[in-house]
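The block underneath contains the structure these notes are about, expressed in structure tokens.
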Amino acid sequence: MSDKNRYERQVILPEIGESGQEKLSNASVLCIGAGGLGCPALLYLAAAGVGHLGIVDFDVVEETNLQRQVLFTTDQIGVNKAKAAKTRLTALNPEIEIDVCPEELTDKNAQALFEKYDVIIDGTDNFSTKFLINDVAVKANKPFVYGSILGFDGQVSVFNNQDGPCYRCLFPEAPKGHVPNCAQAGVIGAVAGIVGTTQAMEAIKVILENKDLPPLSGCLWTIDMHTMESKRLRISKNENCTVCSKAQKEIVPQYSSPVCGFVQEVTPEQARLNSSAILIDVREIEEWNEGYIENARHAPLSDLMQGTIPDLPTDCEIILYCQKGIRGEKAAQIFKAKGYLNINNMSGGYAAWVKCS
């Protein structure tokens, strides 16, 4: 440590001490996702002096992120999140090493990345990536700190730590139907802050290996921030788990990209000129009956959220619209999660279309 004053307040804790601080300084943590969870987790790991941080995120900073992704500032809108995070974290603690990977985590690059780090933090918001993180962490024998938020609810656990259960012992497979992420269901920034900060604390516990600071291995910590009621639920290791019951060489991680993130917007004028795109109205039937765009197809958001998706080629160009544009964004994420890549949302929705007619 070049500056002992920086860590003085935590070094005086008997559970940390000089030896614990040395462990933190020599440790490496890889954070998958620099979003609502990754931002507070990375802030506190950097502040604590974890010597080597890695950040994986292919997305860019958007204005809607700033409500909860506290690493970023307004002037960083449009900048890759991993790179923007490094700028802020380096300013906070120039003593540590920070590597960025501005790419999507896939089954092609995950293992090589994981092998460079001691602990993996899950800052993602979809089952596909969480399963990938788990499977590669088990194969590479790395503990990973899980976090999840939805609305006012949060969850944290530590998986694959010292022969503890893995994520698939708790969730063998993704639930049926559509599970909304924060962009669709909403979230208060402070909820992400509490869960992400808790993940940082659990990563620190794993690094310290102090019997007086046991990590949440074999436990799922949940909190309902309506009431601030929290619980610790026991998780048993599944002897027949499809991943952690296998030999490491037999584990073959697979990944189907949810293709989340930025949704391209088009104006009503652009939509009018695009005769090859399929227009889909995601409003409810009462709204549809009051007026709709000629030749548009009807697929209410309520049906989409129940898993009823129009039968269309996944490579076709689609323009979604609702009444004012907000539900179109939610519908776009559902289509993208189902493999539709060429999705656009019409800004201003049907109201803007009528206004410019």
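By convention here, the chains of the structure tokens are called A, B, ... in the order presented, each chain's residues are numbered starting at 1, and ligands are numbered starting at 1 in the order presented.
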- Message: Residues within 7 Å of range 215-231 of chain A, please, as number ranges by chain. Count only C-alpha atoms; anything in the same chain fewer than 6 positions from it doesn't count.
- Response: A: 152-159, 161, 164-165, 202, 205-206
Can I get the selection written as a PDB file, in the first residue's frame, with N, CA and C atoms?
```pdb
ATOM      1  N   PHE A 152     -39.059  -3.593  -5.485  1.00  0.00           N
ATOM      2  CA  PHE A 152     -38.512  -3.285  -4.161  1.00  0.00           C
ATOM      3  C   PHE A 152     -37.871  -4.502  -3.507  1.00  0.00           C
ATOM      4  N   ASP A 153     -37.681  -5.577  -4.258  1.00  0.00           N
ATOM      5  CA  ASP A 153     -37.137  -6.818  -3.709  1.00  0.00           C
ATOM      6  C   ASP A 153     -35.702  -7.031  -4.165  1.00  0.00           C
ATOM      7  N   GLY A 154     -34.900  -7.608  -3.282  1.00  0.00           N
ATOM      8  CA  GLY A 154     -33.508  -7.910  -3.615  1.00  0.00           C
ATOM      9  C   GLY A 154     -33.088  -9.260  -3.069  1.00  0.00           C
ATOM     10  N   GLN A 155     -32.108  -9.883  -3.727  1.00  0.00           N
ATOM     11  CA  GLN A 155     -31.558 -11.168  -3.302  1.00  0.00           C
ATOM     12  C   GLN A 155     -30.044 -11.147  -3.470  1.00  0.00           C
ATOM     13  N   VAL A 156     -29.345 -11.810  -2.553  1.00  0.00           N
ATOM     14  CA  VAL A 156     -27.889 -11.970  -2.662  1.00  0.00           C
ATOM     15  C   VAL A 156     -27.529 -13.354  -2.151  1.00  0.00           C
ATOM     16  N   SER A 157     -26.563 -13.984  -2.792  1.00  0.00           N
ATOM     17  CA  SER A 157     -25.999 -15.236  -2.296  1.00  0.00           C
ATOM     18  C   SER A 157     -24.588 -15.380  -2.842  1.00  0.00           C
ATOM     19  N   VAL A 158     -23.845 -16.342  -2.280  1.00  0.00           N
ATOM     20  CA  VAL A 158     -22.511 -16.676  -2.780  1.00  0.00           C
ATOM     21  C   VAL A 158     -22.544 -18.131  -3.210  1.00  0.00           C
ATOM     22  N   PHE A 159     -22.272 -18.374  -4.470  1.00  0.00           N
ATOM     23  CA  PHE A 159     -22.343 -19.724  -5.017  1.00  0.00           C
ATOM     24  C   PHE A 159     -20.953 -20.261  -5.333  1.00  0.00           C
ATOM     25  N   ASN A 161     -18.713 -21.666  -3.548  1.00  0.00           N
ATOM     26  CA  ASN A 161     -17.644 -21.270  -2.633  1.00  0.00           C
ATOM     27  C   ASN A 161     -17.325 -22.423  -1.687  1.00  0.00           C
ATOM     28  N   GLY A 164     -19.617 -25.307  -1.810  1.00  0.00           N
ATOM     29  CA  GLY A 164     -21.006 -24.982  -1.520  1.00  0.00           C
ATOM     30  C   GLY A 164     -21.877 -25.153  -2.745  1.00  0.00           C
ATOM     31  N   PRO A 165     -23.184 -24.961  -2.602  1.00  0.00           N
ATOM     32  CA  PRO A 165     -24.094 -25.122  -3.738  1.00  0.00           C
ATOM     33  C   PRO A 165     -23.835 -24.102  -4.832  1.00  0.00           C
ATOM     34  N   GLU A 202     -19.939  -9.209   0.386  1.00  0.00           N
ATOM     35  CA  GLU A 202     -19.767 -10.658   0.293  1.00  0.00           C
ATOM     36  C   GLU A 202     -18.480 -11.022  -0.443  1.00  0.00           C
ATOM     37  N   LYS A 205     -15.721 -10.642   2.001  1.00  0.00           N
ATOM     38  CA  LYS A 205     -15.704 -11.781   2.935  1.00  0.00           C
ATOM     39  C   LYS A 205     -15.013 -12.996   2.312  1.00  0.00           C
ATOM     40  N   VAL A 206     -15.343 -13.269   1.053  1.00  0.00           N
ATOM     41  CA  VAL A 206     -14.727 -14.409   0.367  1.00  0.00           C
ATOM     42  C   VAL A 206     -13.217 -14.231   0.301  1.00  0.00           C
TER      43      VAL A 206
END
```
- Item | Surrounding residues of range 75-87 of chain A excluding itself and chain neighbours under 2 positions, 10 Å, only C-alpha atoms, as a PyMOL selection string | chain A and resi 31-35+38-39+42-43+53-66+69-73+89-92+94+97-103
Please write the residues from the selection above to a file, keeping C-alpha atoms, as a compact mmCIF listing (two decimals), in the first residue's frame.
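The file below, part_27.txt, is the result:
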```txt
# COMPACT_ATOMS: atom_id res chain seq x y z
CA CYS A 31 -17.70 -7.82 -12.28
CA ILE A 32 -20.06 -8.89 -15.06
CA GLY A 33 -22.17 -5.84 -15.80
CA ALA A 34 -21.62 -2.21 -14.79
CA GLY A 35 -25.30 -1.47 -14.27
CA GLY A 38 -22.26 -3.47 -10.70
CA CYS A 39 -21.89 0.27 -10.09
CA LEU A 42 -17.40 -1.71 -8.01
CA LEU A 43 -17.37 1.58 -6.09
CA LEU A 53 -10.79 -5.21 -10.83
CA GLY A 54 -12.18 -6.40 -14.14
CA ILE A 55 -15.32 -4.98 -15.74
CA VAL A 56 -17.31 -6.67 -18.52
CA ASP A 57 -20.06 -4.65 -20.20
CA PHE A 58 -20.80 -4.07 -23.89
CA ASP A 59 -23.59 -1.53 -23.31
CA VAL A 60 -23.37 2.28 -23.40
CA VAL A 61 -24.49 4.82 -20.81
CA GLU A 62 -28.03 6.09 -21.39
CA GLU A 63 -29.87 8.89 -19.65
CA THR A 64 -32.29 6.45 -18.02
CA ASN A 65 -29.31 4.69 -16.36
CA LEU A 66 -28.37 7.73 -14.30
CA GLN A 69 -26.10 3.58 -12.03
CA VAL A 70 -24.15 5.90 -9.77
CA LEU A 71 -20.75 5.49 -11.40
CA PHE A 72 -21.81 7.57 -14.39
CA THR A 73 -22.36 11.24 -15.11
CA LEU A 89 -12.97 4.22 -10.33
CA THR A 90 -9.45 5.32 -11.28
CA ALA A 91 -10.27 8.82 -10.03
CA LEU A 92 -11.51 7.28 -6.78
CA PRO A 94 -5.54 5.33 -8.62
CA GLU A 97 -5.43 -1.99 -11.48
CA ILE A 98 -8.59 -1.95 -13.62
CA ASP A 99 -9.13 -3.93 -16.81
CA VAL A 100 -12.13 -3.45 -19.07
CA CYS A 101 -13.81 -5.78 -21.54
CA PRO A 102 -16.33 -3.76 -23.59
CA GLU A 103 -17.87 -6.94 -25.01
```
- With a distance cut-off of 9 Å and only C-alpha atoms, select the neighbouring residues of Tyr255 in chain A, excluding the residue or stretch itself and same-chain residues fewer than 2 positions from it, and output the selection as a ChimeraX atom specification. /A:106-107,128-129,131-132,253,257
Applying 10 Å and only C-alpha atoms, which residues near Pro268 in chain A remain after dropping the ones on its own chain fewer than 4 positions away? List them as a tab-separated table (two decimals) with C-alpha atoms, in the first residue's frame.
```tsv
chain	number	residue	atom	x	y	z
A	272	ARG	CA	-44.08	5.96	-42.77
A	273	LEU	CA	-41.21	5.77	-45.26
A	274	ASN	CA	-40.21	2.21	-44.30
A	321	TYR	CA	-45.66	1.29	-31.18
A	345	ASN	CA	-39.62	1.42	-31.15
A	346	MET	CA	-41.60	4.34	-32.61
A	347	SER	CA	-40.92	7.43	-30.50
A	348	GLY	CA	-44.05	9.15	-29.28
A	349	GLY	CA	-46.19	6.15	-30.21
A	350	TYR	CA	-49.61	6.31	-31.83
A	351	ALA	CA	-50.24	9.80	-30.42
A	352	ALA	CA	-47.22	11.15	-32.33
A	353	TRP	CA	-48.30	9.29	-35.50
A	354	VAL	CA	-51.75	10.89	-35.42
A	355	LYS	CA	-50.30	14.32	-34.66
A	356	CYS	CA	-48.03	14.28	-37.71
A	357	SER	CA	-50.67	12.84	-40.06
```
- Task: Between CA of Thr198 in chain A and CA of Ile149 in chain A, measure the distance and give it in Å to one decimal.
- Result: 12.1 Å
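Interatomic distance, CA of Asn141 in chain A to CA of Ser28 in chain A: 14.5 Å.
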- Could you tell me which of A:Leu320, A:Met201, A:Ala174, A:Leu113 comes closest to Lys130 in chain A if we count only C-alpha atoms? A:Ala174
Using only C-alpha atoms, which protein or nucleic acid residues come within 12 Å of range 323-327 of chain A? Drop anything in the same chain fewer than 3 positions from it, and give the result as a PDB file with N, CA and C atoms, in the first residue's frame.
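The result, stored in out-v4.pdb:
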```pdb
ATOM      1  N   ALA A 183     -35.896  -2.640 -16.533  1.00  0.00           N
ATOM      2  CA  ALA A 183     -36.386  -1.683 -17.521  1.00  0.00           C
ATOM      3  C   ALA A 183     -37.873  -1.847 -17.760  1.00  0.00           C
ATOM      4  N   GLN A 184     -38.375  -3.068 -17.530  1.00  0.00           N
ATOM      5  CA  GLN A 184     -39.777  -3.343 -17.774  1.00  0.00           C
ATOM      6  C   GLN A 184     -40.624  -3.215 -16.513  1.00  0.00           C
ATOM      7  N   ALA A 185     -40.100  -3.661 -15.370  1.00  0.00           N
ATOM      8  CA  ALA A 185     -40.883  -3.669 -14.131  1.00  0.00           C
ATOM      9  C   ALA A 185     -40.627  -2.441 -13.266  1.00  0.00           C
ATOM     10  N   GLY A 186     -39.519  -1.746 -13.501  1.00  0.00           N
ATOM     11  CA  GLY A 186     -39.188  -0.571 -12.704  1.00  0.00           C
ATOM     12  C   GLY A 186     -38.348  -0.911 -11.480  1.00  0.00           C
ATOM     13  N   VAL A 263     -32.415  -0.023 -27.513  1.00  0.00           N
ATOM     14  CA  VAL A 263     -33.431  -0.287 -28.530  1.00  0.00           C
ATOM     15  C   VAL A 263     -33.472   0.911 -29.466  1.00  0.00           C
ATOM     16  N   GLU A 265     -34.735   3.691 -31.839  1.00  0.00           N
ATOM     17  CA  GLU A 265     -35.999   4.396 -31.985  1.00  0.00           C
ATOM     18  C   GLU A 265     -36.094   5.012 -33.378  1.00  0.00           C
ATOM     19  N   VAL A 266     -37.310   5.011 -33.901  1.00  0.00           N
ATOM     20  CA  VAL A 266     -37.569   5.671 -35.178  1.00  0.00           C
ATOM     21  C   VAL A 266     -38.702   6.667 -34.969  1.00  0.00           C
ATOM     22  N   THR A 267     -38.704   7.718 -35.754  1.00  0.00           N
ATOM     23  CA  THR A 267     -39.771   8.708 -35.684  1.00  0.00           C
ATOM     24  C   THR A 267     -40.970   8.211 -36.493  1.00  0.00           C
ATOM     25  N   PRO A 268     -42.161   8.759 -36.268  1.00  0.00           N
ATOM     26  CA  PRO A 268     -43.308   8.395 -37.111  1.00  0.00           C
ATOM     27  C   PRO A 268     -43.032   8.640 -38.595  1.00  0.00           C
ATOM     28  N   ILE A 280     -46.216  -3.254 -35.494  1.00  0.00           N
ATOM     29  CA  ILE A 280     -46.952  -4.011 -34.474  1.00  0.00           C
ATOM     30  C   ILE A 280     -47.427  -3.060 -33.386  1.00  0.00           C
ATOM     31  N   ASP A 281     -48.726  -3.065 -33.154  1.00  0.00           N
ATOM     32  CA  ASP A 281     -49.367  -2.239 -32.130  1.00  0.00           C
ATOM     33  C   ASP A 281     -49.434  -3.046 -30.834  1.00  0.00           C
ATOM     34  N   VAL A 282     -48.774  -2.562 -29.770  1.00  0.00           N
ATOM     35  CA  VAL A 282     -48.725  -3.329 -28.519  1.00  0.00           C
ATOM     36  C   VAL A 282     -49.690  -2.778 -27.472  1.00  0.00           C
ATOM     37  N   ARG A 283     -50.597  -1.902 -27.892  1.00  0.00           N
ATOM     38  CA  ARG A 283     -51.603  -1.398 -26.958  1.00  0.00           C
ATOM     39  C   ARG A 283     -52.667  -2.463 -26.693  1.00  0.00           C
ATOM     40  N   GLU A 284     -53.508  -2.213 -25.710  1.00  0.00           N
ATOM     41  CA  GLU A 284     -54.568  -3.158 -25.378  1.00  0.00           C
ATOM     42  C   GLU A 284     -55.738  -3.005 -26.347  1.00  0.00           C
ATOM     43  N   GLU A 286     -58.865  -2.247 -26.137  1.00  0.00           N
ATOM     44  CA  GLU A 286     -59.720  -1.064 -26.071  1.00  0.00           C
ATOM     45  C   GLU A 286     -59.092   0.103 -26.832  1.00  0.00           C
ATOM     46  N   GLU A 287     -57.775   0.239 -26.715  1.00  0.00           N
ATOM     47  CA  GLU A 287     -57.067   1.309 -27.425  1.00  0.00           C
ATOM     48  C   GLU A 287     -57.048   1.032 -28.926  1.00  0.00           C
ATOM     49  N   TRP A 288     -56.818  -0.215 -29.294  1.00  0.00           N
ATOM     50  CA  TRP A 288     -56.797  -0.619 -30.699  1.00  0.00           C
ATOM     51  C   TRP A 288     -58.131  -0.306 -31.368  1.00  0.00           C
ATOM     52  N   GLU A 290     -60.147   1.972 -30.744  1.00  0.00           N
ATOM     53  CA  GLU A 290     -60.371   3.411 -30.914  1.00  0.00           C
ATOM     54  C   GLU A 290     -59.581   3.981 -32.086  1.00  0.00           C
ATOM     55  N   GLY A 291     -58.730   3.187 -32.701  1.00  0.00           N
ATOM     56  CA  GLY A 291     -57.951   3.645 -33.847  1.00  0.00           C
ATOM     57  C   GLY A 291     -56.576   3.011 -33.877  1.00  0.00           C
ATOM     58  N   TYR A 292     -56.096   2.703 -35.077  1.00  0.00           N
ATOM     59  CA  TYR A 292     -54.779   2.085 -35.216  1.00  0.00           C
ATOM     60  C   TYR A 292     -54.203   2.445 -36.579  1.00  0.00           C
ATOM     61  N   ILE A 293     -52.933   2.142 -36.757  1.00  0.00           N
ATOM     62  CA  ILE A 293     -52.266   2.432 -38.021  1.00  0.00           C
ATOM     63  C   ILE A 293     -52.632   1.358 -39.044  1.00  0.00           C
ATOM     64  N   ALA A 299     -50.578  -6.950 -31.180  1.00  0.00           N
ATOM     65  CA  ALA A 299     -49.993  -7.885 -30.214  1.00  0.00           C
ATOM     66  C   ALA A 299     -49.889  -7.154 -28.879  1.00  0.00           C
ATOM     67  N   PRO A 300     -50.948  -7.175 -28.058  1.00  0.00           N
ATOM     68  CA  PRO A 300     -50.951  -6.418 -26.797  1.00  0.00           C
ATOM     69  C   PRO A 300     -49.793  -6.790 -25.883  1.00  0.00           C
ATOM     70  N   LEU A 301     -49.267  -5.802 -25.197  1.00  0.00           N
ATOM     71  CA  LEU A 301     -48.159  -6.041 -24.271  1.00  0.00           C
ATOM     72  C   LEU A 301     -48.536  -7.086 -23.226  1.00  0.00           C
ATOM     73  N   SER A 302     -49.787  -7.068 -22.767  1.00  0.00           N
ATOM     74  CA  SER A 302     -50.212  -8.047 -21.764  1.00  0.00           C
ATOM     75  C   SER A 302     -50.066  -9.476 -22.292  1.00  0.00           C
ATOM     76  N   LEU A 304     -47.882 -10.374 -24.735  1.00  0.00           N
ATOM     77  CA  LEU A 304     -46.440 -10.599 -24.891  1.00  0.00           C
ATOM     78  C   LEU A 304     -45.811 -11.025 -23.567  1.00  0.00           C
ATOM     79  N   MET A 305     -46.246 -10.400 -22.486  1.00  0.00           N
ATOM     80  CA  MET A 305     -45.676 -10.713 -21.173  1.00  0.00           C
ATOM     81  C   MET A 305     -46.080 -12.104 -20.698  1.00  0.00           C
ATOM     82  N   ILE A 319     -41.267  -2.645 -36.355  1.00  0.00           N
ATOM     83  CA  ILE A 319     -41.434  -1.361 -35.677  1.00  0.00           C
ATOM     84  C   ILE A 319     -42.614  -1.501 -34.714  1.00  0.00           C
ATOM     85  N   LEU A 320     -42.340  -1.331 -33.436  1.00  0.00           N
ATOM     86  CA  LEU A 320     -43.360  -1.436 -32.402  1.00  0.00           C
ATOM     87  C   LEU A 320     -43.880  -0.049 -32.055  1.00  0.00           C
ATOM     88  N   LYS A 330     -40.786  -1.606 -23.568  1.00  0.00           N
ATOM     89  CA  LYS A 330     -40.919  -2.865 -22.822  1.00  0.00           C
ATOM     90  C   LYS A 330     -41.138  -4.038 -23.778  1.00  0.00           C
ATOM     91  N   ALA A 331     -42.011  -3.824 -24.749  1.00  0.00           N
ATOM     92  CA  ALA A 331     -42.289  -4.886 -25.720  1.00  0.00           C
ATOM     93  C   ALA A 331     -41.043  -5.239 -26.524  1.00  0.00           C
ATOM     94  N   ALA A 332     -40.231  -4.250 -26.843  1.00  0.00           N
ATOM     95  CA  ALA A 332     -39.007  -4.483 -27.617  1.00  0.00           C
ATOM     96  C   ALA A 332     -38.073  -5.430 -26.885  1.00  0.00           C
ATOM     97  N   GLN A 333     -37.943  -5.255 -25.572  1.00  0.00           N
ATOM     98  CA  GLN A 333     -37.066  -6.133 -24.796  1.00  0.00           C
ATOM     99  C   GLN A 333     -37.573  -7.571 -24.824  1.00  0.00           C
ATOM    100  N   ILE A 334     -38.897  -7.744 -24.802  1.00  0.00           N
ATOM    101  CA  ILE A 334     -39.465  -9.092 -24.865  1.00  0.00           C
ATOM    102  C   ILE A 334     -39.155  -9.736 -26.218  1.00  0.00           C
ATOM    103  N   ASN A 344     -37.350  -2.022 -33.645  1.00  0.00           N
ATOM    104  CA  ASN A 344     -37.371  -0.572 -33.468  1.00  0.00           C
ATOM    105  C   ASN A 344     -38.614  -0.183 -32.662  1.00  0.00           C
ATOM    106  N   ASN A 345     -38.491   0.869 -31.894  1.00  0.00           N
ATOM    107  CA  ASN A 345     -39.624   1.423 -31.155  1.00  0.00           C
ATOM    108  C   ASN A 345     -39.947   2.802 -31.728  1.00  0.00           C
ATOM    109  N   MET A 346     -41.224   3.055 -32.032  1.00  0.00           N
ATOM    110  CA  MET A 346     -41.599   4.343 -32.608  1.00  0.00           C
ATOM    111  C   MET A 346     -41.750   5.383 -31.502  1.00  0.00           C
ATOM    112  N   SER A 347     -40.901   6.385 -31.532  1.00  0.00           N
ATOM    113  CA  SER A 347     -40.916   7.426 -30.501  1.00  0.00           C
ATOM    114  C   SER A 347     -42.233   8.199 -30.537  1.00  0.00           C
ATOM    115  N   GLY A 348     -42.793   8.420 -29.363  1.00  0.00           N
ATOM    116  CA  GLY A 348     -44.053   9.146 -29.276  1.00  0.00           C
ATOM    117  C   GLY A 348     -45.280   8.315 -29.506  1.00  0.00           C
ATOM    118  N   GLY A 349     -45.097   7.082 -30.032  1.00  0.00           N
ATOM    119  CA  GLY A 349     -46.192   6.154 -30.207  1.00  0.00           C
ATOM    120  C   GLY A 349     -47.291   6.629 -31.155  1.00  0.00           C
ATOM    121  N   TYR A 350     -48.473   6.026 -30.960  1.00  0.00           N
ATOM    122  CA  TYR A 350     -49.608   6.309 -31.833  1.00  0.00           C
ATOM    123  C   TYR A 350     -50.013   7.778 -31.758  1.00  0.00           C
ATOM    124  N   ALA A 351     -49.862   8.381 -30.574  1.00  0.00           N
ATOM    125  CA  ALA A 351     -50.235   9.801 -30.422  1.00  0.00           C
ATOM    126  C   ALA A 351     -49.404  10.677 -31.348  1.00  0.00           C
ATOM    127  N   ALA A 352     -48.102  10.374 -31.452  1.00  0.00           N
ATOM    128  CA  ALA A 352     -47.223  11.149 -32.331  1.00  0.00           C
ATOM    129  C   ALA A 352     -47.551  10.884 -33.802  1.00  0.00           C
ATOM    130  N   TRP A 353     -47.922   9.652 -34.132  1.00  0.00           N
ATOM    131  CA  TRP A 353     -48.298   9.291 -35.498  1.00  0.00           C
ATOM    132  C   TRP A 353     -49.510  10.108 -35.954  1.00  0.00           C
ATOM    133  N   VAL A 354     -50.532  10.148 -35.085  1.00  0.00           N
ATOM    134  CA  VAL A 354     -51.747  10.890 -35.423  1.00  0.00           C
ATOM    135  C   VAL A 354     -51.455  12.376 -35.560  1.00  0.00           C
ATOM    136  N   LYS A 355     -50.595  12.884 -34.662  1.00  0.00           N
ATOM    137  CA  LYS A 355     -50.299  14.321 -34.657  1.00  0.00           C
ATOM    138  C   LYS A 355     -49.618  14.754 -35.943  1.00  0.00           C
TER     139      LYS A 355
END
```
- Task: Could you please write out, as a ChimeraX atom specification, every residue of range 33-201 of chain A that DSSP assigns to strand (DSSP E)?
- Result: /A:52-56,97-101,119-122,144-150,153-159
Residues from last step as file, C-alpha atoms, as a PDB file, in the first residue's frame:
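To be explicit, this is the file written out as selection_37.pdb:
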```
ATOM      1  CA  HIS A  52      -7.298  -5.797  -9.447  1.00  0.00           C
ATOM      2  CA  LEU A  53     -10.789  -5.207 -10.831  1.00  0.00           C
ATOM      3  CA  GLY A  54     -12.185  -6.397 -14.137  1.00  0.00           C
ATOM      4  CA  ILE A  55     -15.325  -4.977 -15.741  1.00  0.00           C
ATOM      5  CA  VAL A  56     -17.306  -6.666 -18.516  1.00  0.00           C
ATOM      6  CA  GLU A  97      -5.434  -1.986 -11.481  1.00  0.00           C
ATOM      7  CA  ILE A  98      -8.592  -1.954 -13.618  1.00  0.00           C
ATOM      8  CA  ASP A  99      -9.130  -3.927 -16.814  1.00  0.00           C
ATOM      9  CA  VAL A 100     -12.131  -3.448 -19.075  1.00  0.00           C
ATOM     10  CA  CYS A 101     -13.808  -5.783 -21.542  1.00  0.00           C
ATOM     11  CA  VAL A 119     -14.014 -13.880  -7.387  1.00  0.00           C
ATOM     12  CA  ILE A 120     -16.801 -13.242  -9.904  1.00  0.00           C
ATOM     13  CA  ILE A 121     -19.636 -10.765  -9.261  1.00  0.00           C
ATOM     14  CA  ASP A 122     -22.934 -11.137 -11.087  1.00  0.00           C
ATOM     15  CA  PHE A 144     -19.387 -16.023  -7.608  1.00  0.00           C
ATOM     16  CA  VAL A 145     -21.508 -13.485  -5.786  1.00  0.00           C
ATOM     17  CA  TYR A 146     -25.067 -13.478  -7.074  1.00  0.00           C
ATOM     18  CA  GLY A 147     -27.393 -10.490  -6.929  1.00  0.00           C
ATOM     19  CA  SER A 148     -30.889  -9.812  -8.214  1.00  0.00           C
ATOM     20  CA  ILE A 149     -33.399  -6.988  -7.916  1.00  0.00           C
ATOM     21  CA  LEU A 150     -36.962  -6.442  -9.059  1.00  0.00           C
ATOM     22  CA  ASP A 153     -37.137  -6.818  -3.709  1.00  0.00           C
ATOM     23  CA  GLY A 154     -33.508  -7.910  -3.615  1.00  0.00           C
ATOM     24  CA  GLN A 155     -31.558 -11.168  -3.302  1.00  0.00           C
ATOM     25  CA  VAL A 156     -27.889 -11.970  -2.662  1.00  0.00           C
ATOM     26  CA  SER A 157     -25.999 -15.236  -2.296  1.00  0.00           C
ATOM     27  CA  VAL A 158     -22.511 -16.676  -2.780  1.00  0.00           C
ATOM     28  CA  PHE A 159     -22.343 -19.724  -5.017  1.00  0.00           C
TER      29      PHE A 159
END
```
- If you run DSSP on the backbone, which residues of range 261-322 of chain A are helix (DSSP H, G or I), as a ChimeraX atom specification? /A:268-273,285-289,301-305
- Message: So, with only C-alpha atoms as the atoms that count, which of A:Gln21, A:Asn134, A:Gln248, A:Thr74 lies closest to Val50 in chain A?
- Response: A:Gln21
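Relative to CA of Leu312 in chain A, CA of Ala296 in chain A is found at 13.6 Å.
Taking only C-alpha atoms, the non-local environment of Ala41 in chain A within 8 Å (same-chain residues fewer than 6 positions away omitted) comprises Gly196, Thr197, Thr198, Gln199 and Ala200 of chain A.
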- Item | Contacts of Asp135 in chain A at 10 Å (only C-alpha atoms; same-chain gap of 6+ positions) as a list in words | Asp107, Ala110, Gln111, Thr129, Asn141, Asn160, Cys166, Tyr167, Arg168, Thr242, Val243, Cys244, Gln248, Ile251, Val252, Pro253 and Gln254 of chain A
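Among the candidates A:Gln67, A:Ser275, A:Gln270, A:Asn109, the one nearest to Val187 in chain A when counting only C-alpha atoms is A:Gln67.
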